[in-house]
file final-v8.txt (compact mmCIF, C-alpha atoms)
# COMPACT_ATOMS: atom_id res chain seq x y z
CA MET A 1190 -20.73 -86.38 8.39
CA LYS A 1191 -17.51 -87.87 9.73
CA ASN A 1192 -14.35 -86.02 8.74
CA THR A 1193 -12.24 -88.58 6.85
CA PHE A 1194 -9.07 -86.52 7.29
CA GLU A 1195 -8.78 -86.97 11.04
CA LYS A 1196 -6.14 -89.67 10.71
CA THR A 1197 -2.95 -88.76 12.54
CA TYR A 1198 0.61 -89.51 11.50
CA LEU A 1199 3.72 -89.86 13.60
CA THR A 1200 6.74 -87.88 12.41
CA GLY A 1201 8.24 -90.79 10.48
CA GLU A 1202 4.89 -91.69 8.91
CA PHE A 1203 4.23 -88.13 7.80
CA ALA A 1204 7.75 -87.84 6.39
CA LYS A 1205 7.17 -91.03 4.40
CA LEU A 1206 3.88 -89.66 3.09
CA LEU A 1207 5.71 -86.51 1.93
CA GLU A 1208 8.71 -88.51 0.65
CA ILE A 1209 11.18 -86.50 2.71
CA ASN A 1210 13.63 -87.13 5.52
CA LYS A 1211 11.96 -86.80 8.92
CA ASP A 1212 14.86 -84.56 10.00
CA THR A 1213 13.30 -81.88 7.81
CA LEU A 1214 10.12 -81.98 9.87
CA LEU A 1215 12.11 -81.85 13.10
CA TYR A 1216 14.07 -78.84 11.81
CA TYR A 1217 10.97 -76.97 10.68
CA ASP A 1218 9.41 -77.65 14.07
CA LYS A 1219 12.51 -76.33 15.83
CA ILE A 1220 12.46 -73.03 13.94
CA ASP A 1221 8.67 -72.67 14.27
CA LEU A 1222 8.06 -72.79 10.51
CA PHE A 1223 5.95 -75.95 10.39
CA LYS A 1224 4.89 -77.54 13.64
CA PRO A 1225 3.06 -80.80 14.39
CA ALA A 1226 -0.70 -80.67 14.85
CA GLY A 1227 -0.21 -81.85 18.41
CA THR A 1228 1.48 -84.21 20.83
CA PHE A 1229 0.18 -87.51 22.20
CA ASP A 1230 0.18 -88.23 25.93
CA ASN A 1231 3.31 -90.31 25.47
CA GLY A 1232 5.14 -87.26 24.05
CA TYR A 1233 5.15 -88.33 20.41
CA ARG A 1234 4.40 -85.58 17.91
CA TYR A 1235 1.71 -86.13 15.31
CA TYR A 1236 0.57 -84.53 12.09
CA THR A 1237 -2.72 -84.60 10.20
CA PHE A 1238 -3.51 -84.90 6.52
CA GLU A 1239 -4.84 -81.36 6.57
CA GLN A 1240 -1.24 -80.19 6.95
CA PHE A 1241 -0.13 -81.90 3.75
CA ASP A 1242 -0.90 -78.99 1.39
CA GLN A 1243 0.71 -76.46 3.71
CA PHE A 1244 3.93 -78.40 3.83
CA VAL A 1245 4.00 -78.84 0.03
CA ALA A 1246 3.53 -75.08 -0.33
CA ILE A 1247 6.40 -74.42 2.07
CA GLN A 1248 8.70 -76.80 0.21
CA SER A 1249 7.81 -75.26 -3.16
CA LEU A 1250 8.53 -71.78 -1.89
CA ARG A 1251 11.76 -72.87 -0.21
CA ALA A 1252 12.84 -74.43 -3.52
CA VAL A 1253 12.83 -70.96 -5.06
CA GLU A 1254 14.69 -69.59 -2.05
CA VAL A 1255 11.92 -67.66 -0.34
CA PRO A 1256 13.49 -66.66 3.02
CA ILE A 1257 12.31 -68.61 6.05
CA LYS A 1258 11.53 -65.36 7.84
CA GLU A 1259 9.19 -64.35 5.02
CA LEU A 1260 7.47 -67.73 5.08
CA LYS A 1261 6.97 -67.56 8.83
CA THR A 1262 5.45 -64.10 8.50
CA TYR A 1263 2.99 -65.31 5.89
CA PHE A 1264 1.96 -68.54 7.62
CA ASP A 1265 1.44 -66.70 10.91
CA ALA A 1266 -1.53 -64.99 9.25
CA PRO A 1267 -2.28 -66.57 5.84
CA ASN A 1268 -4.77 -64.81 3.56
CA VAL A 1269 -5.73 -64.82 -0.11
CA GLN A 1270 -4.24 -61.42 -1.01
CA ALA A 1271 -0.87 -62.14 0.57
CA LEU A 1272 -0.78 -65.60 -1.00
CA GLN A 1273 -1.47 -64.17 -4.45
CA GLN A 1274 1.28 -61.57 -4.08
CA LEU A 1275 3.74 -64.17 -2.85
CA ALA A 1276 2.87 -66.52 -5.73
CA MET A 1277 3.19 -63.79 -8.36
CA GLU A 1278 6.62 -62.75 -7.09
CA GLN A 1279 7.88 -66.31 -7.08
CA GLN A 1280 6.34 -67.05 -10.48
CA GLU A 1281 8.62 -64.43 -12.01
CA LYS A 1282 11.67 -65.91 -10.29
CA VAL A 1283 10.76 -69.41 -11.44
CA ALA A 1284 10.39 -68.20 -15.04
CA MET A 1285 13.93 -66.81 -14.88
CA GLU A 1286 15.25 -70.08 -13.47
CA ILE A 1287 13.48 -72.03 -16.21
CA GLN A 1288 15.14 -69.81 -18.82
CA LYS A 1289 18.54 -70.45 -17.23
CA LEU A 1290 17.94 -74.20 -17.34
CA GLN A 1291 16.80 -74.01 -20.94
CA ASP A 1292 20.00 -72.14 -21.82
CA ILE A 1293 22.03 -74.85 -20.11
CA GLN A 1294 20.05 -77.56 -21.90
CA PHE A 1295 20.62 -75.80 -25.24
CA PHE A 1296 24.35 -75.60 -24.50
CA LEU A 1297 24.58 -79.30 -23.60
CA GLU A 1298 22.45 -80.57 -26.49
CA ARG A 1299 24.36 -78.52 -29.04
CA THR A 1300 27.73 -79.48 -27.56
CA VAL A 1301 26.86 -83.19 -27.76
CA ALA A 1302 25.59 -82.83 -31.34
CA LEU A 1303 28.64 -80.86 -32.51
CA THR A 1304 31.22 -83.08 -30.82
CA LYS A 1305 29.61 -86.11 -32.47
CA GLU A 1306 29.68 -84.34 -35.82
CA MET A 1307 33.30 -83.31 -35.37
CA GLU A 1308 34.31 -86.92 -34.72
CA GLU A 1309 33.38 -87.71 -38.33
CA VAL A 1310 34.92 -84.64 -39.98
CA SER A 1311 37.12 -85.30 -43.02
CA PHE A 1312 38.96 -82.18 -44.18
CA GLY A 1313 39.22 -81.38 -47.88
CA GLU A 1314 36.33 -83.67 -48.81
CA VAL A 1315 32.99 -82.40 -50.08
CA LEU A 1316 29.94 -84.21 -48.74
CA MET A 1317 26.41 -84.06 -50.09
CA LYS A 1318 23.78 -83.85 -47.35
CA GLN A 1319 20.03 -83.43 -47.27
CA LEU A 1320 19.53 -80.76 -44.62
CA PRO A 1321 16.24 -79.69 -43.03
CA ALA A 1322 14.98 -76.11 -42.99
CA GLU A 1323 16.06 -74.11 -39.95
CA PRO A 1324 15.51 -70.58 -38.66
CA VAL A 1325 18.40 -68.16 -39.07
CA VAL A 1326 18.80 -64.72 -37.51
CA TYR A 1327 20.90 -62.17 -39.40
CA SER A 1328 22.84 -59.21 -38.04
CA ASP A 1329 22.04 -55.75 -39.34
CA GLU A 1330 25.16 -55.01 -41.33
CA LYS A 1331 27.86 -56.64 -43.42
CA ILE A 1332 31.31 -57.26 -42.00
CA ASP A 1333 34.55 -57.55 -43.98
CA TRP A 1334 35.73 -60.73 -42.31
CA SER A 1335 38.90 -61.01 -44.37
CA SER A 1336 40.37 -57.78 -42.97
CA LEU A 1337 39.62 -58.22 -39.26
CA SER A 1338 41.58 -59.92 -36.51
CA MET A 1339 39.90 -62.37 -34.11
CA GLU A 1340 39.76 -59.64 -31.46
CA GLU A 1341 38.07 -57.24 -33.90
CA LEU A 1342 35.63 -59.93 -35.02
CA TYR A 1343 34.73 -60.55 -31.40
CA GLU A 1344 34.08 -56.85 -30.83
CA GLN A 1345 31.89 -56.73 -33.95
CA THR A 1346 29.80 -59.79 -33.14
CA THR A 1347 29.47 -59.71 -29.35
CA PRO A 1348 26.68 -57.06 -29.29
CA PHE A 1349 24.76 -59.13 -31.85
CA LEU A 1350 25.01 -62.28 -29.76
CA LYS A 1351 24.14 -60.50 -26.53
CA LYS A 1352 21.14 -58.85 -28.16
CA HIS A 1353 19.63 -62.27 -28.77
CA GLY A 1354 20.84 -63.87 -25.54
CA ILE A 1355 23.04 -66.33 -27.39
CA LYS A 1356 25.91 -68.19 -25.76
CA SER A 1357 29.14 -69.13 -27.53
CA THR A 1358 27.97 -72.58 -28.61
CA ALA A 1359 25.10 -71.28 -30.71
CA ALA A 1360 25.12 -72.06 -34.43
CA TYR A 1361 27.14 -68.95 -35.06
CA GLY A 1362 28.91 -67.90 -38.22
CA THR A 1363 28.82 -65.85 -41.41
CA VAL A 1364 26.64 -65.91 -44.50
CA TYR A 1365 27.67 -64.67 -47.94
CA THR A 1366 25.35 -64.12 -50.87
CA LYS A 1367 26.01 -66.19 -53.96
CA GLU A 1368 26.93 -63.07 -55.92
CA ASP A 1369 29.43 -61.76 -53.34
CA PHE A 1370 30.98 -65.17 -52.97
CA LEU A 1371 31.53 -65.64 -56.71
CA ASN A 1372 33.00 -62.14 -56.91
CA LYS A 1373 35.30 -63.01 -53.99
CA LYS A 1374 33.79 -60.25 -51.86
CA PHE A 1375 34.01 -61.78 -48.42
CA GLU A 1376 31.82 -59.25 -46.69
CA GLY A 1377 29.10 -61.23 -45.02
CA VAL A 1378 26.68 -60.81 -42.18
CA SER A 1379 26.78 -62.62 -38.88
CA TYR A 1380 24.10 -65.23 -38.45
CA LEU A 1381 22.93 -67.66 -35.84
CA CYS A 1382 20.24 -70.27 -35.46
CA ARG A 1383 17.58 -69.54 -32.87
CA LEU A 1384 14.25 -71.27 -32.73
CA ASP A 1385 12.24 -68.69 -30.84
CA ASP A 1386 13.36 -65.38 -32.34
CA PRO A 1387 10.66 -63.45 -34.26
CA SER A 1388 13.26 -61.94 -36.62
CA ALA A 1389 14.43 -65.32 -37.89
CA ARG A 1390 14.30 -66.20 -41.60
CA MET A 1391 14.19 -69.77 -42.82
CA LYS A 1392 17.30 -71.35 -44.25
CA PRO A 1393 15.70 -73.62 -46.87
CA ALA A 1394 15.75 -77.37 -46.77
CA GLY A 1395 17.46 -79.13 -49.63
CA HIS A 1396 20.61 -80.74 -50.97
CA TYR A 1397 23.70 -79.07 -49.56
CA ALA A 1398 27.34 -79.40 -50.44
CA VAL A 1399 29.30 -79.44 -47.18
CA ILE A 1400 33.03 -79.11 -46.61
CA TYR A 1401 35.01 -78.63 -43.36
CA HIS A 1402 37.93 -76.26 -42.94
CA GLN A 1403 40.55 -76.37 -40.20
CA GLY A 1404 42.38 -73.21 -39.23
CA PRO A 1405 41.85 -69.56 -38.25
CA TYR A 1406 38.58 -68.10 -39.46
CA ASP A 1407 40.21 -65.08 -41.12
CA GLU A 1408 42.21 -67.40 -43.39
CA ILE A 1409 39.29 -69.38 -44.84
CA SER A 1410 38.91 -67.24 -47.94
CA GLN A 1411 42.66 -67.46 -48.60
CA THR A 1412 42.90 -71.26 -48.54
CA GLU A 1413 42.12 -74.10 -50.93
CA THR A 1414 38.91 -75.00 -49.09
CA TYR A 1415 36.63 -72.96 -51.32
CA ASN A 1416 38.58 -73.94 -54.44
CA THR A 1417 38.01 -77.58 -53.52
CA LEU A 1418 34.31 -76.93 -53.07
CA LEU A 1419 33.96 -75.15 -56.42
CA ALA A 1420 36.00 -77.80 -58.25
CA TYR A 1421 33.72 -80.50 -56.85
CA LEU A 1422 30.59 -78.68 -57.98
CA GLU A 1423 32.11 -78.21 -61.44
CA GLN A 1424 32.94 -81.90 -61.66
CA GLU A 1425 29.48 -83.00 -60.52
CA GLN A 1426 27.69 -80.49 -62.76
CA LEU A 1427 26.10 -78.75 -59.80
CA ALA A 1428 25.26 -75.06 -59.42
CA LEU A 1429 25.04 -72.87 -56.34
CA ASP A 1430 21.41 -72.46 -55.32
CA GLY A 1431 21.60 -70.05 -52.42
CA ASP A 1432 23.77 -68.35 -49.85
CA ILE A 1433 27.04 -69.75 -48.51
CA TYR A 1434 27.14 -70.45 -44.77
CA GLU A 1435 30.25 -70.63 -42.63
CA GLU A 1436 29.46 -72.15 -39.23
CA TYR A 1437 32.11 -71.91 -36.53
CA LEU A 1438 32.07 -75.14 -34.53
CA LEU A 1439 32.79 -74.77 -30.78
CA HIS A 1440 36.05 -72.88 -31.50
CA SER A 1441 37.98 -72.05 -28.29
CA ILE A 1442 36.16 -74.48 -25.99
CA ALA A 1443 37.15 -77.43 -28.20
CA ALA A 1444 40.59 -76.33 -29.36
CA LYS A 1445 43.41 -74.46 -27.66
CA GLU A 1446 44.87 -72.85 -30.78
CA GLU A 1447 43.22 -71.15 -33.75
CA LYS A 1448 44.98 -73.50 -36.16
CA ASP A 1449 42.75 -76.27 -34.82
CA TYR A 1450 39.43 -74.41 -35.12
CA ILE A 1451 36.90 -76.13 -37.37
CA THR A 1452 34.52 -74.34 -39.74
CA LYS A 1453 31.61 -76.05 -41.48
CA ILE A 1454 30.86 -74.56 -44.91
CA SER A 1455 27.56 -75.42 -46.54
CA VAL A 1456 25.66 -74.24 -49.61
CA LYS A 1457 22.44 -75.38 -51.21
CA VAL A 1458 23.05 -76.75 -54.71
CA LYS A 1459 21.03 -77.88 -57.71
CA THR A 1460 21.69 -79.80 -60.89
CA ARG A 1461 22.66 -77.52 -63.75
CA GLU A 1462 20.02 -76.95 -66.40
CA ALA A 1463 20.59 -77.85 -70.04
CA SER A 1464 21.66 -74.30 -70.80
CA TYR A 1465 24.97 -73.71 -69.04
CA GLN A 1466 24.88 -71.59 -65.92
CA PRO A 1467 27.99 -70.50 -64.03
CA LEU A 1468 28.48 -71.62 -60.46
call {"tool": "encode", "arguments": {"input": "final-v8.txt", "output": "structure tokens"}}
result
Amino acid sequence: MKNTFEKTYLTGEFAKLLEINKDTLLYYDKIDLFKPAGTFDNGYRYYTFEQFDQFVAIQSLRAVEVPIKELKTYFDAPNVQALQQLAMEQQEKVAMEIQKLQDIQFFLERTVALTKEMEEVSFGEVLMKQLPAEPVVYSDEKIDWSSLSMEELYEQTTPFLKKHGIKSTAAYGTVYTKEDFLNKKFEGVSYLCRLDDPSARMKPAGHYAVIYHQGPYDEISQTETYNTLLAYLEQEQLALDGDIYEEYLLHSIAAKEEKDYITKISVKVKTREASYQPL
């Protein structure tokens, strides 16, 4: 049966087939990495379709920075075992690169979302929002946020963030239980949102009262922000229905001074029952 892959391609034609610049083929030929199938009597180089897969393999491996010397060694004597070993080594490298890109994507998506949210922030005003459920990861121990400086807070929380591979733009903050909050015990645990962590708990969906605070984090409990929130809930006959979340929005990458830092405070609420219940 006639071999249908005997068609030959000049350098420019083969480059077009591969969707590359023909200078790449000339360079690979020069360094003896990928050479033409032959040369016509008129001196023009030609390639065959049988070389297509080999070139694609070379380009894929070069994309993950396999050294040219290593590629030349392999393609001088290709075999199944060596190919498998080469592929397995590069598969691990590619997985790491994918993770890096996913981290960058997470950073960019969250930055866009937060900057859009911050454009609409109105300080001192309580907003009612229907929020979806989301996974939340908690640190192992409570921290007395009111007594620590920013440097001390950083030292306390950095190991927690590093443990989970979280960058500074993660949904990072503090959570207080309803009981501690009402007793003005501002000893909370660090938390962050992370979709793929097995230790995550679900922050429930529901109606949330949301208020934004501007200023240093260690001054939140000493300001009128929480008083404003509680006064609003009293006025609207609403009761706290869960933990209180302080989310620190972008902080030092969006503001030069701590006085301009923005904190989002949210708590799930419910309508009070007929029998009076305290906030």
call {"tool": "atom_distance", "arguments": {"input": "final-v8.txt", "atom1": "atom CA of Leu1427 of chain A", "atom2": "atom CA of Gln1411 of chain A"}}
result
23.0 Å
call {"tool": "closest_residue", "arguments": {"input": "final-v8.txt", "among": "A:Tyr1233, A:Phe1244, A:Tyr1380, A:Tyr1434", "to": "Lys1457 of chain A", "atoms": "all atoms listed in the file"}}
result
A:Tyr1434
call {"tool": "atom_distance", "arguments": {"input": "final-v8.txt", "atom1": "atom CA of Tyr1343 of chain A", "atom2": "atom CA of Asp1407 of chain A"}}
result
12.0 Å
call {"tool": "residues_around", "arguments": {"input": "final-v8.txt", "residues": "segment 1305-1315 of chain A", "least_positions_apart": "3", "cutoff": "10 Å", "atoms": "only C-alpha atoms", "output": "JSON, numbers by chain"}}
result
{"A": [1299, 1300, 1301, 1302, 1318, 1397, 1398, 1399, 1400, 1401, 1402, 1403, 1413, 1414, 1415, 1416, 1417, 1418, 1419, 1420, 1421, 1422, 1438, 1439, 1451, 1453, 1454, 1455]}
call {"tool": "atom_distance", "arguments": {"input": "final-v8.txt", "atom1": "atom CA of Leu1297 of chain A", "atom2": "atom CA of Tyr1450 of chain A"}}
result
19.4 Å
call {"tool": "residues_around", "arguments": {"input": "final-v8.txt", "residues": "Val1253 of chain A", "least_positions_apart": "6", "cutoff": "12 Å", "atoms": "only C-alpha atoms", "output": "list in words"}}
result
Ala1246, Ile1247, Leu1260, Leu1275, Ala1276, Glu1278, Gln1279, Gln1280, Glu1281, Lys1282, Val1283, Ala1284, Met1285, Glu1286 and Ile1287 of chain A
call {"tool": "residues_around", "arguments": {"input": "final-v8.txt", "residues": "Thr1213 of chain A", "least_positions_apart": "3", "cutoff": "12 Å", "atoms": "only C-alpha atoms", "output": "PyMOL selection string"}}
result
chain A and resi 1200-1201+1203-1205+1207-1210+1216-1220+1222-1224+1244+1247-1248
call {"tool": "residues_near_point", "arguments": {"input": "final-v8.txt", "point": "(44.7, -68.0, -39.4)", "cutoff": "7 Å", "atoms": "all atoms listed in the file", "output": "ChimeraX atom specification"}}
result
/A:1404-1408,1447-1448
call {"tool": "residues_around", "arguments": {"input": "final-v8.txt", "residues": "Gln1426 of chain A", "least_positions_apart": "3", "cutoff": "8 Å", "atoms": "all atoms listed in the file", "output": "list of chain:residue names"}}
result
A:Leu1422, A:Glu1423, A:Thr1460, A:Arg1461
call {"tool": "closest_residue", "arguments": {"input": "final-v8.txt", "among": "A:Lys1459, A:Phe1375, A:Ile1442, A:Glu1341", "to": "Phe1296 of chain A", "atoms": "all atoms listed in the file"}}
result
A:Ile1442
call {"tool": "residues_near_point", "arguments": {"input": "final-v8.txt", "point": "(-5.5, -88.8, 14.5)", "cutoff": "10 Å", "atoms": "only C-alpha atoms", "output": "list in words"}}
result
Phe1194, Glu1195, Lys1196, Thr1197, Tyr1198, Leu1199, Ala1226, Gly1227, Phe1229, Tyr1235, Tyr1236, Thr1237 and Phe1238 of chain A
call {"tool": "closest_residue", "arguments": {"input": "final-v8.txt", "among": "A:Asp1386, A:Glu1340, A:Glu1376, A:Glu1323", "to": "Ser1410 of chain A", "atoms": "only C-alpha atoms"}}
result
A:Glu1376
